[in-house]
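Dumped model37.cif below, it's mmCIF, C-alpha atoms and all ligand atoms:
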data_upload
loop_
_atom_site.label_atom_id
_atom_site.label_comp_id
_atom_site.auth_asym_id
_atom_site.auth_seq_id
_atom_site.Cartn_x
_atom_site.Cartn_y
_atom_site.Cartn_z
CA MET A 1 85.10 -4.60 -42.45
CA SER A 2 82.66 -6.62 -40.47
CA ARG A 3 79.78 -5.20 -38.51
CA LYS A 4 76.97 -7.04 -36.82
CA ILE A 5 74.37 -5.13 -38.82
CA TYR A 6 75.74 -6.30 -42.21
CA LYS A 7 75.15 -9.94 -41.28
CA ASP A 8 71.74 -9.21 -39.71
CA ILE A 9 70.50 -7.35 -42.78
CA THR A 10 71.70 -10.12 -45.11
CA GLU A 11 69.66 -12.58 -43.05
CA LEU A 12 66.61 -10.33 -43.07
CA ILE A 13 66.73 -10.01 -46.83
CA GLU A 14 67.19 -13.76 -47.27
CA LYS A 15 64.22 -14.40 -45.01
CA ARG A 16 62.08 -12.02 -47.04
CA ARG A 17 63.29 -13.68 -50.23
CA THR A 18 62.20 -17.14 -49.07
CA GLN A 19 58.80 -15.63 -48.14
CA GLY A 20 58.49 -14.27 -51.67
CA LEU A 21 58.41 -10.70 -50.32
CA ILE A 22 61.38 -9.14 -52.11
CA LYS A 23 60.66 -6.38 -54.59
CA GLU A 24 62.69 -6.57 -57.80
CA GLU A 25 63.06 -3.62 -60.15
CA ARG A 26 62.68 -4.05 -63.89
CA ILE A 27 64.84 -1.95 -66.16
CA ILE A 28 63.13 0.21 -68.80
CA THR A 29 65.27 1.17 -71.80
CA SER A 30 62.82 3.52 -73.54
CA PRO A 31 60.94 6.69 -72.56
CA GLN A 32 57.86 6.23 -70.39
CA GLY A 33 54.70 5.46 -72.36
CA THR A 34 51.97 2.95 -73.08
CA GLU A 35 54.41 0.76 -75.05
CA ILE A 36 57.88 0.52 -73.57
CA GLU A 37 61.07 -1.52 -73.80
CA VAL A 38 61.68 -3.58 -70.67
CA GLY A 39 65.17 -5.08 -70.77
CA SER A 40 65.35 -7.02 -74.02
CA ARG A 41 61.57 -7.04 -74.48
CA LYS A 42 60.22 -4.56 -76.97
CA ASN A 43 56.64 -3.28 -77.25
CA VAL A 44 55.58 -4.16 -73.73
CA LEU A 45 52.15 -2.71 -72.91
CA ASN A 46 52.53 -0.59 -69.81
CA PHE A 47 49.73 -0.57 -67.23
CA CYS A 48 51.62 0.48 -64.12
CA ALA A 49 52.69 4.09 -64.69
CA ASN A 50 51.03 7.07 -63.00
CA ASN A 51 50.96 8.53 -66.51
CA TYR A 52 47.19 9.10 -66.32
CA LEU A 53 47.05 11.74 -69.04
CA GLY A 54 49.79 10.34 -71.28
CA LEU A 55 51.96 13.43 -70.78
CA SER A 56 55.21 11.79 -69.58
CA ASN A 57 56.67 11.83 -73.08
CA HIS A 58 54.29 14.22 -74.84
CA PRO A 59 56.04 16.22 -77.60
CA ASP A 60 54.70 19.59 -76.36
CA VAL A 61 55.82 18.87 -72.81
CA ARG A 62 59.28 17.76 -73.97
CA GLN A 63 59.57 20.92 -76.04
CA ALA A 64 58.59 23.11 -73.08
CA ALA A 65 61.30 21.42 -70.99
CA LYS A 66 63.92 22.01 -73.70
CA ASP A 67 62.87 25.63 -74.15
CA THR A 68 63.16 26.22 -70.42
CA ILE A 69 66.69 24.81 -70.33
CA ASP A 70 67.58 27.34 -73.01
CA SER A 71 65.89 30.28 -71.33
CA ARG A 72 66.50 29.54 -67.61
CA GLY A 73 69.35 27.04 -67.52
CA TYR A 74 69.68 23.59 -65.99
CA GLY A 75 69.92 24.13 -62.24
CA LEU A 76 69.80 26.89 -59.63
CA SER A 77 72.17 25.49 -57.02
CA SER A 78 70.13 27.04 -54.25
CA VAL A 79 67.13 26.78 -51.99
CA ARG A 80 64.27 29.14 -52.74
CA PHE A 81 64.98 31.86 -50.14
CA ILE A 82 68.65 32.32 -51.02
CA CYS A 83 68.80 32.46 -54.82
CA GLY A 84 66.53 29.64 -56.03
CA THR A 85 63.41 31.59 -57.05
CA GLN A 86 63.02 32.50 -60.72
CA ASP A 87 60.10 34.30 -62.30
CA ILE A 88 58.83 30.94 -63.58
CA HIS A 89 58.66 29.51 -60.05
CA LYS A 90 56.34 32.33 -59.03
CA GLU A 91 54.42 31.90 -62.29
CA LEU A 92 53.92 28.20 -61.57
CA GLU A 93 52.72 28.93 -58.03
CA THR A 94 50.13 31.34 -59.40
CA LYS A 95 49.04 28.93 -62.12
CA VAL A 96 48.67 25.99 -59.73
CA SER A 97 46.58 28.18 -57.42
CA GLU A 98 44.31 29.15 -60.32
CA PHE A 99 44.01 25.54 -61.41
CA LEU A 100 43.16 24.25 -57.93
CA GLY A 101 41.04 27.25 -56.94
CA THR A 102 43.19 28.20 -53.94
CA ASP A 103 44.80 31.41 -52.61
CA ASP A 104 48.44 30.48 -52.98
CA THR A 105 50.87 27.61 -53.55
CA ILE A 106 54.39 26.72 -52.51
CA LEU A 107 56.60 24.36 -54.49
CA TYR A 108 58.59 21.44 -53.09
CA ALA A 109 61.09 19.04 -54.66
CA ALA A 110 58.43 16.34 -54.34
CA CYS A 111 55.02 15.80 -52.80
CA TYR A 112 56.82 13.59 -50.30
CA ASP A 113 58.53 16.74 -49.07
CA ALA A 114 55.31 18.74 -49.13
CA ASN A 115 53.79 16.14 -46.80
CA ALA A 116 56.91 15.92 -44.67
CA GLY A 117 56.79 19.68 -44.11
CA ILE A 118 53.09 20.35 -43.67
CA PHE A 119 52.27 19.29 -40.10
CA GLU A 120 55.07 20.47 -37.84
CA PRO A 121 54.76 24.21 -38.70
CA PHE A 122 51.15 24.26 -37.48
CA LEU A 123 50.78 21.59 -34.85
CA ASP A 124 52.53 21.03 -31.54
CA SER A 125 51.88 18.52 -28.76
CA ASP A 126 48.72 20.44 -27.78
CA SER A 127 47.11 19.70 -31.18
CA ALA A 128 45.66 16.63 -32.90
CA ILE A 129 46.17 14.98 -36.30
CA ILE A 130 43.32 12.78 -37.46
CA ALA A 131 44.32 10.48 -40.30
CA ASP A 132 42.60 7.95 -42.53
CA GLN A 133 43.87 4.46 -41.84
CA LEU A 134 45.12 4.02 -45.42
CA ASN A 135 46.89 7.35 -45.87
CA HIS A 136 49.99 7.40 -48.08
CA ALA A 137 53.37 6.65 -46.50
CA SER A 138 54.58 10.21 -47.09
CA ILE A 139 51.72 11.62 -44.99
CA ILE A 140 52.64 9.17 -42.25
CA SER A 141 56.25 10.36 -42.48
CA GLY A 142 55.09 13.94 -42.04
CA VAL A 143 52.97 12.99 -39.06
CA ARG A 144 55.97 11.29 -37.47
CA LEU A 145 57.97 14.52 -37.75
CA CYS A 146 55.46 16.41 -35.66
CA LYS A 147 54.59 16.20 -31.96
CA ALA A 148 50.82 16.39 -32.30
CA LYS A 149 48.62 13.65 -30.83
CA ARG A 150 47.68 11.07 -33.47
CA TYR A 151 44.29 9.57 -34.16
CA ILE A 152 43.38 7.13 -36.91
CA TYR A 153 39.90 6.65 -38.34
CA SER A 154 38.58 3.70 -40.29
CA HIS A 155 39.23 3.99 -44.02
CA ASN A 156 36.73 6.38 -45.63
CA GLN A 157 34.32 6.01 -42.67
CA VAL A 158 33.00 9.38 -41.60
CA GLY A 159 30.38 8.35 -39.03
CA THR A 160 30.16 8.34 -35.24
CA GLY A 161 30.53 4.60 -34.73
CA THR A 162 33.38 2.11 -34.85
CA TYR A 163 33.98 0.23 -38.05
CA ASN A 164 35.62 -2.99 -38.90
CA PHE A 165 38.01 -2.76 -41.79
CA ASP A 166 40.82 -5.24 -42.42
CA GLY A 167 39.96 -6.97 -39.18
CA LYS A 168 40.61 -3.90 -37.04
CA ASP A 169 38.04 -1.90 -35.13
CA LEU A 170 38.58 1.77 -35.65
CA PRO A 171 36.35 4.78 -35.00
CA GLY A 172 34.76 6.81 -37.75
CA LEU A 173 35.93 10.35 -38.41
CA GLU A 174 33.08 12.05 -36.57
CA ALA A 175 33.56 9.81 -33.55
CA VAL A 176 37.16 11.07 -33.31
CA LEU A 177 36.36 14.71 -33.99
CA ALA A 178 33.51 14.82 -31.48
CA SER A 179 35.52 13.27 -28.64
CA ASP A 180 36.37 15.54 -25.68
CA GLU A 181 40.02 14.68 -26.03
CA VAL A 182 40.16 15.99 -29.58
CA GLN A 183 37.83 18.92 -28.99
CA ASN A 184 40.05 20.06 -26.10
CA CYS A 185 43.07 20.30 -28.40
CA LYS A 186 44.27 23.70 -29.58
CA TYR A 187 44.01 22.79 -33.28
CA ARG A 188 42.75 19.71 -35.13
CA MET A 189 43.94 18.70 -38.60
CA VAL A 190 42.22 16.01 -40.65
CA THR A 191 44.44 14.45 -43.28
CA THR A 192 43.41 12.14 -46.11
CA ASP A 193 44.43 11.05 -49.57
CA GLY A 194 41.96 12.30 -52.21
CA VAL A 195 42.31 9.13 -54.29
CA PHE A 196 43.81 6.13 -52.50
CA SER A 197 46.46 4.73 -54.77
CA MET A 198 46.31 1.08 -53.75
CA ASN A 199 42.50 0.76 -53.88
CA GLY A 200 41.56 3.34 -56.48
CA ASP A 201 38.74 4.66 -54.28
CA ILE A 202 37.96 8.30 -53.45
CA ALA A 203 37.70 9.90 -50.01
CA PRO A 204 34.13 11.11 -49.26
CA LEU A 205 35.31 14.70 -49.30
CA GLY A 206 31.89 16.36 -49.27
CA ARG A 207 31.12 14.85 -45.90
CA ILE A 208 34.65 15.36 -44.60
CA VAL A 209 34.47 19.10 -45.42
CA GLU A 210 31.18 19.38 -43.50
CA LEU A 211 32.67 17.65 -40.48
CA CYS A 212 35.78 19.85 -40.53
CA ASP A 213 33.53 22.93 -40.53
CA LYS A 214 31.34 21.53 -37.78
CA TYR A 215 34.27 20.62 -35.49
CA ASP A 216 36.66 23.43 -36.46
CA ALA A 217 39.32 21.18 -37.97
CA ILE A 218 41.87 22.13 -40.63
CA LEU A 219 41.47 19.86 -43.68
CA MET A 220 44.52 18.65 -45.60
CA VAL A 221 44.00 16.53 -48.74
CA ASP A 222 46.81 14.83 -50.66
CA ASP A 223 45.53 14.77 -54.23
CA SER A 224 48.58 13.22 -55.89
CA HIS A 225 46.52 10.53 -57.65
CA ALA A 226 43.72 12.94 -58.56
CA THR A 227 45.15 16.26 -59.76
CA GLY A 228 44.74 16.52 -63.53
CA TYR A 229 41.95 14.03 -64.08
CA ILE A 230 39.48 13.69 -61.18
CA GLY A 231 36.54 16.12 -61.25
CA ALA A 232 34.65 17.61 -64.20
CA THR A 233 37.70 19.57 -65.42
CA GLY A 234 40.43 17.54 -63.72
CA ARG A 235 41.05 19.89 -60.78
CA GLY A 236 40.89 17.04 -58.30
CA THR A 237 38.82 15.44 -55.58
CA HIS A 238 37.52 18.79 -54.30
CA GLU A 239 36.07 19.49 -57.74
CA HIS A 240 34.55 16.00 -57.91
CA PHE A 241 32.62 16.70 -54.69
CA GLU A 242 31.98 20.38 -55.53
CA VAL A 243 33.83 21.65 -52.46
CA MET A 244 36.44 23.78 -54.22
CA GLY A 245 37.56 26.58 -51.91
CA ARG A 246 36.58 24.64 -48.79
CA VAL A 247 39.75 22.55 -48.35
CA ASP A 248 42.38 24.36 -46.27
CA LEU A 249 45.43 22.63 -47.71
CA ILE A 250 45.97 20.46 -50.80
CA THR A 251 49.25 18.71 -51.46
CA THR A 252 49.93 17.20 -54.85
CA THR A 253 52.68 16.01 -57.19
CA PHE A 254 53.88 16.98 -60.65
CA GLY A 255 55.32 13.47 -60.87
CA LYS A 256 52.12 11.68 -61.88
CA ALA A 257 49.37 12.97 -64.22
CA LEU A 258 51.02 16.39 -64.69
CA GLY A 259 53.94 15.17 -66.80
CA GLY A 260 55.52 12.71 -64.41
CA ALA A 261 59.00 14.17 -63.90
CA SER A 262 59.11 15.25 -60.26
CA GLY A 263 58.15 18.11 -58.00
CA GLY A 264 55.19 18.81 -55.79
CA CYS A 265 53.43 21.54 -53.91
CA THR A 266 51.17 22.60 -51.09
CA SER A 267 48.29 24.85 -52.09
CA GLY A 268 45.61 26.49 -49.99
CA ARG A 269 44.67 29.30 -47.61
CA GLN A 270 46.92 32.35 -47.81
CA GLU A 271 47.72 32.51 -44.08
CA LEU A 272 48.75 28.86 -44.01
CA ILE A 273 50.92 29.04 -47.15
CA ASP A 274 52.60 32.21 -45.84
CA TRP A 275 53.54 30.37 -42.66
CA LEU A 276 54.83 27.31 -44.55
CA ARG A 277 57.14 29.58 -46.56
CA GLN A 278 58.67 30.73 -43.26
CA MET A 279 58.69 27.45 -41.36
CA SER A 280 58.44 24.33 -43.54
CA ARG A 281 61.76 22.51 -43.31
CA PRO A 282 61.82 20.63 -46.65
CA TYR A 283 61.04 23.95 -48.35
CA LEU A 284 63.68 25.92 -46.46
CA PHE A 285 66.49 23.38 -46.52
CA SER A 286 66.20 21.53 -49.84
CA ASN A 287 66.96 22.64 -53.37
CA THR A 288 64.51 24.54 -55.54
CA VAL A 289 62.53 22.70 -58.23
CA ALA A 290 64.58 22.44 -61.46
CA PRO A 291 63.64 25.03 -64.12
CA THR A 292 62.91 22.28 -66.70
CA VAL A 293 60.29 20.78 -64.43
CA VAL A 294 58.78 24.19 -63.73
CA GLY A 295 58.60 25.11 -67.44
CA ALA A 296 57.09 21.78 -68.47
CA THR A 297 54.53 21.83 -65.65
CA LEU A 298 53.44 25.33 -66.72
CA LYS A 299 52.84 23.93 -70.21
CA VAL A 300 50.87 20.97 -68.83
CA LEU A 301 48.58 23.25 -66.81
CA ASP A 302 47.91 25.34 -69.93
CA MET A 303 47.02 22.20 -71.88
CA LEU A 304 44.65 20.96 -69.17
CA THR A 305 42.99 24.36 -68.84
CA GLU A 306 42.35 24.57 -72.58
CA SER A 307 40.70 21.18 -72.98
CA THR A 308 39.38 18.26 -70.94
CA SER A 309 39.92 15.75 -73.75
CA LEU A 310 42.75 13.87 -72.01
CA ARG A 311 40.83 13.77 -68.75
CA ASP A 312 37.76 12.46 -70.58
CA ARG A 313 39.76 9.81 -72.41
CA VAL A 314 41.38 8.33 -69.29
CA HIS A 315 37.95 7.97 -67.68
CA GLU A 316 36.56 6.23 -70.77
CA ASN A 317 39.53 3.88 -70.83
CA ALA A 318 39.21 3.08 -67.12
CA LYS A 319 35.49 2.40 -67.41
CA TYR A 320 36.02 0.08 -70.36
CA PHE A 321 38.90 -1.84 -68.74
CA ARG A 322 37.15 -2.18 -65.39
CA SER A 323 33.93 -3.52 -66.88
CA ARG A 324 35.71 -6.04 -69.15
CA ILE A 325 37.91 -7.35 -66.33
CA LYS A 326 34.88 -7.79 -64.06
CA GLU A 327 32.97 -9.58 -66.82
CA ALA A 328 35.91 -11.95 -67.17
CA GLY A 329 35.38 -13.00 -63.55
CA PHE A 330 38.15 -11.22 -61.66
CA THR A 331 37.56 -9.71 -58.22
CA THR A 332 38.07 -5.96 -58.41
CA LEU A 333 37.56 -3.14 -55.94
CA ASN A 334 34.86 -0.69 -56.96
CA GLY A 335 35.80 2.81 -57.95
CA ASN A 336 35.63 5.42 -60.64
CA THR A 337 39.27 6.39 -60.87
CA ALA A 338 41.95 5.26 -63.35
CA ILE A 339 43.24 2.72 -60.82
CA VAL A 340 41.82 -0.82 -61.00
CA ALA A 341 42.86 -3.17 -58.18
CA ILE A 342 42.50 -6.88 -58.99
CA MET A 343 42.46 -8.74 -55.69
CA PHE A 344 44.12 -12.06 -54.78
CA GLY A 345 43.30 -12.17 -51.06
CA GLU A 346 40.92 -15.10 -51.50
CA TYR A 347 43.78 -17.40 -52.61
CA GLU A 348 46.48 -19.10 -50.56
CA ASN A 349 49.94 -17.50 -50.75
CA ASP A 350 48.42 -14.41 -52.28
CA ALA A 351 51.74 -12.50 -52.27
CA VAL A 352 53.47 -15.18 -54.30
CA LEU A 353 50.49 -15.52 -56.62
CA ALA A 354 50.31 -11.78 -57.27
CA GLN A 355 53.98 -11.78 -58.24
CA LYS A 356 53.66 -14.87 -60.42
CA PHE A 357 50.64 -13.32 -62.10
CA ALA A 358 52.65 -10.18 -62.86
CA ASN A 359 55.54 -12.24 -64.26
CA ASP A 360 53.16 -14.29 -66.42
CA LEU A 361 51.57 -11.07 -67.67
CA LEU A 362 54.99 -9.83 -68.74
CA GLU A 363 55.48 -13.09 -70.68
CA HIS A 364 52.26 -12.07 -72.46
CA GLY A 365 53.66 -8.61 -73.16
CA VAL A 366 51.80 -6.72 -70.42
CA TYR A 367 53.52 -4.84 -67.61
CA ALA A 368 51.57 -4.54 -64.35
CA ILE A 369 52.82 -4.93 -60.80
CA GLY A 370 51.80 -7.22 -57.97
CA PHE A 371 51.57 -5.41 -54.65
CA PHE A 372 51.87 -7.25 -51.38
CA PHE A 373 52.87 -6.73 -47.76
CA PRO A 374 54.21 -4.34 -46.53
CA VAL A 375 52.92 -2.06 -49.32
CA VAL A 376 49.39 -3.36 -48.69
CA ALA A 377 48.02 -5.29 -45.69
CA LEU A 378 48.83 -9.00 -45.31
CA GLY A 379 46.32 -11.12 -47.22
CA GLN A 380 45.35 -8.21 -49.50
CA SER A 381 47.77 -8.80 -52.38
CA ARG A 382 46.70 -7.44 -55.69
CA ILE A 383 47.63 -6.50 -59.21
CA ARG A 384 47.15 -2.79 -59.67
CA VAL A 385 46.30 -1.62 -63.17
CA GLN A 386 46.58 2.03 -64.06
CA LEU A 387 44.93 3.38 -67.16
CA SER A 388 46.17 6.25 -69.27
CA ALA A 389 44.54 8.61 -71.74
CA ALA A 390 47.25 7.45 -74.14
CA HIS A 391 46.10 3.79 -74.17
CA THR A 392 44.39 2.91 -77.44
CA ARG A 393 41.36 0.63 -77.57
CA ASP A 394 43.54 -1.96 -79.29
CA GLN A 395 46.08 -1.83 -76.44
CA LEU A 396 43.28 -2.23 -73.88
CA ASP A 397 41.88 -5.24 -75.74
CA ARG A 398 45.31 -6.87 -75.97
CA ALA A 399 45.83 -6.33 -72.24
CA ILE A 400 42.40 -7.72 -71.36
CA ALA A 401 43.13 -10.81 -73.49
CA ALA A 402 46.43 -11.27 -71.63
CA PHE A 403 44.72 -10.96 -68.23
CA ILE A 404 42.18 -13.59 -69.25
CA ALA A 405 44.88 -15.97 -70.55
CA VAL A 406 47.00 -15.58 -67.40
CA GLY A 407 43.94 -15.78 -65.16
CA ARG A 408 42.98 -19.12 -66.71
CA MET A 409 46.56 -20.40 -66.59
CA ASN A 410 46.63 -19.74 -62.84
CA GLY A 411 43.16 -21.14 -62.17
CA ILE A 412 41.78 -17.77 -61.06
CA ILE A 413 39.03 -17.52 -63.65
CA SER A 414 37.40 -20.21 -65.73
C1 LIG A 501 53.08 9.49 -55.22
C2 LIG A 501 52.51 10.08 -54.00
C3 LIG A 501 53.26 10.97 -53.23
C4 LIG A 501 54.69 11.27 -53.52
O1 LIG A 501 54.81 12.14 -54.58
P1 LIG A 501 56.27 12.54 -55.08
O2 LIG A 501 56.09 13.85 -55.73
O3 LIG A 501 56.71 11.45 -56.01
O4 LIG A 501 57.13 12.60 -53.86
C5 LIG A 501 52.65 11.55 -52.14
N1 LIG A 501 51.38 11.26 -51.81
C6 LIG A 501 50.64 10.40 -52.51
C7 LIG A 501 49.23 10.13 -52.11
C8 LIG A 501 51.19 9.77 -53.62
O5 LIG A 501 50.47 8.90 -54.30
#
Please go through the file and, once you have read it, give me the structure as structure tokens.
Ligand SMILES: *Cc1c(COP(=O)(O)O)cnc(C)c1O
Amino acid sequence: MSRKIYKDITELIEKRRTQGLIKEERIITSPQGTEIEVGSRKNVLNFCANNYLGLSNHPDVRQAAKDTIDSRGYGLSSVRFICGTQDIHKELETKVSEFLGTDDTILYAACYDANAGIFEPFLDSDSAIIADQLNHASIISGVRLCKAKRYIYSHNQVGTGTYNFDGKDLPGLEAVLASDEVQNCKYRMVTTDGVFSMNGDIAPLGRIVELCDKYDAILMVDDSHATGYIGATGRGTHEHFEVMGRVDLITTTFGKALGGASGGCTSGRQELIDWLRQMSRPYLFSNTVAPTVVGATLKVLDMLTESTSLRDRVHENAKYFRSRIKEAGFTTLNGNTAIVAIMFGEYENDAVLAQKFANDLLEHGVYAIGFFFPVVALGQSRIRVQLSAAHTRDQLDRAIAAFIAVGRMNGIIS
């Protein structure tokens, strides 16, 4: 068979390859953890998992998953509203609501689906969505599925002016909210990541909450990179800024800090969750969350409610790593999350350099990933390091030594 598109796509991929912009996947042959097997390499130090609390292969979490298979089976072969709701699904919705301090929660197969199904049920062409410039791709997908008017504000800028970020002039959040155009809409929804995964910075949620109250806007926060470890007891960005109970809708994932398998949810005001259960398409027309995932996530939430020790440890580890990497002379973005972005934008061919750096790191036994266009803006290539509560001080020191060796090898630090 020959179709025009086959040939065109082959050319597109080849073009990307010559530009050094093709993403390759490495094959892991062990469970997820701080030391993993990557192909034939054993004992590779892993610094690129969203395994913030070290729960991806925790014995208690594994046991909870096994127990749930025995008590509730493997799959439900149904969406929720036909025959896909077990007692444990309702239990998890209640427990997530307690953990996040919300009225109610609805589960989705993934946070991607939660975001894909959150806008359209509430907003039509007479309403407005106001989004941070760096929002996650899944939020953007959700926005695209809805007819509301779209407005973008400059990353984390909440003021009334215009701001220059990445060479673009964009208004601040208040400038958008206060405009006649937006005030004349039926509803307004502000949407932001809580923690931005590529930068490791936090949305100024205290101020955003105030503005949403002032301008009668619904606030939706995607806390996928925050739930479990940001805030005094790990409840998320709203706890960090002491605005629990003042965010209308929170979406988050069970596929990161909370055990890392899959699954997500939307949590928030009762009226809004009730409506999502009736109208949200990824909820209505996609399979229920697997019982194993539900049972293990219940266990994780119990563990995190009993003790903040994992949350405390990941913050200690991140602080230590960030300060040592800065001391060594690397350019990092500021932040107090478990994500440390080491930037290569000041060098020529930054995309190629970021990838070479990652490959050299792997030669030194450290696994971290270079991110480049289109995942981040052109000229903003970086290595993103993610810390885990499960990293030992020895593992951190070995990784820092590898970064310094590779940094010197590539002429990035002296
Ligand atoms: C990872 C991530 C998602 C997707 O979560 P899944 O449950 O894997 O679909 C959504 N939003 C943000 C901000 C994320 O970082």
Note to self: Please list as a PyMOL selection string every residue within 9 Å of Pro31 (chain A), counting only C-alpha atoms and excluding residues in the same chain fewer than 3 positions away.
What the structure shows: chain A and resi 28+36-37+56-57
Just write the chosen residues, C-alpha atoms, as a CSV table (one decimal), in the frame of the given file.
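The file below, part-v5.csv, is the result:
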chain,number,residue,atom,x,y,z
A,28,ILE,CA,63.1,0.2,-68.8
A,36,ILE,CA,57.9,0.5,-73.6
A,37,GLU,CA,61.1,-1.5,-73.8
A,56,SER,CA,55.2,11.8,-69.6
A,57,ASN,CA,56.7,11.8,-73.1
For Phe330 (chain A), list every protein, DNA or RNA residue within 8 Å, evaluated using all atoms listed in the file, and leave out those in the same chain fewer than 6 positions away; present the list as a short mmCIF file (atom, residue, chain, number, x, y, z; two decimals) with C-alpha atoms, keeping the file's coordinate frame.
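As a result, selection.cif now contains:
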data_model
loop_
_atom_site.label_atom_id
_atom_site.label_comp_id
_atom_site.auth_asym_id
_atom_site.auth_seq_id
_atom_site.Cartn_x
_atom_site.Cartn_y
_atom_site.Cartn_z
CA ILE A 342 42.50 -6.88 -58.99
CA MET A 343 42.46 -8.74 -55.69
CA ILE A 412 41.78 -17.77 -61.06
CA ILE A 413 39.03 -17.52 -63.65
#
Item checked: Distance query Asn50 (chain A) at most 9 Å, only C-alpha atoms, self and fewer than 6 positions along chain excluded, as a ChimeraX atom specification -> /A:225,255-257,260,386-388
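Interatomic distance, CA of Arg188 (chain A) against CA of Glu210 (chain A): 14.3 Å.
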Find the axis-aligned box for region 254-262 of chain A, covering all its listed atoms and adding 4 Å on each side, and write its centre and edge lengths in Å to one decimal as lines of an AutoDock Vina configuration file.
center_x = 54.2
center_y = 14.3
center_z = -63.5
size_x = 17.7
size_y = 13.3
size_z = 14.5
Next item on the list: Identify, counting all atoms listed in the file, the protein, DNA and RNA residues located within 6 Å of ligand LIG 501 (chain A), and give them as a list in words.
Entry: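 Residues lying within 6 Å of ligand LIG 501 (chain A): Ala110, Cys111, Tyr112, His136, Ser138, Asp193, Ser197, Asp222, Ser224, His225, Thr253, Gly255, Ser262, Gly263 and Gly264 of chain A.
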Next item on the list: Check the smallest atom-to-atom distance from each of A:Thr337, A:Thr305, A:Asn410, A:Gln32 to Ala318 (chain A) using all atoms listed in the file, then report the winner.
Entry: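 With all atoms listed in the file as the atom set, the closest residue is A:Thr337.
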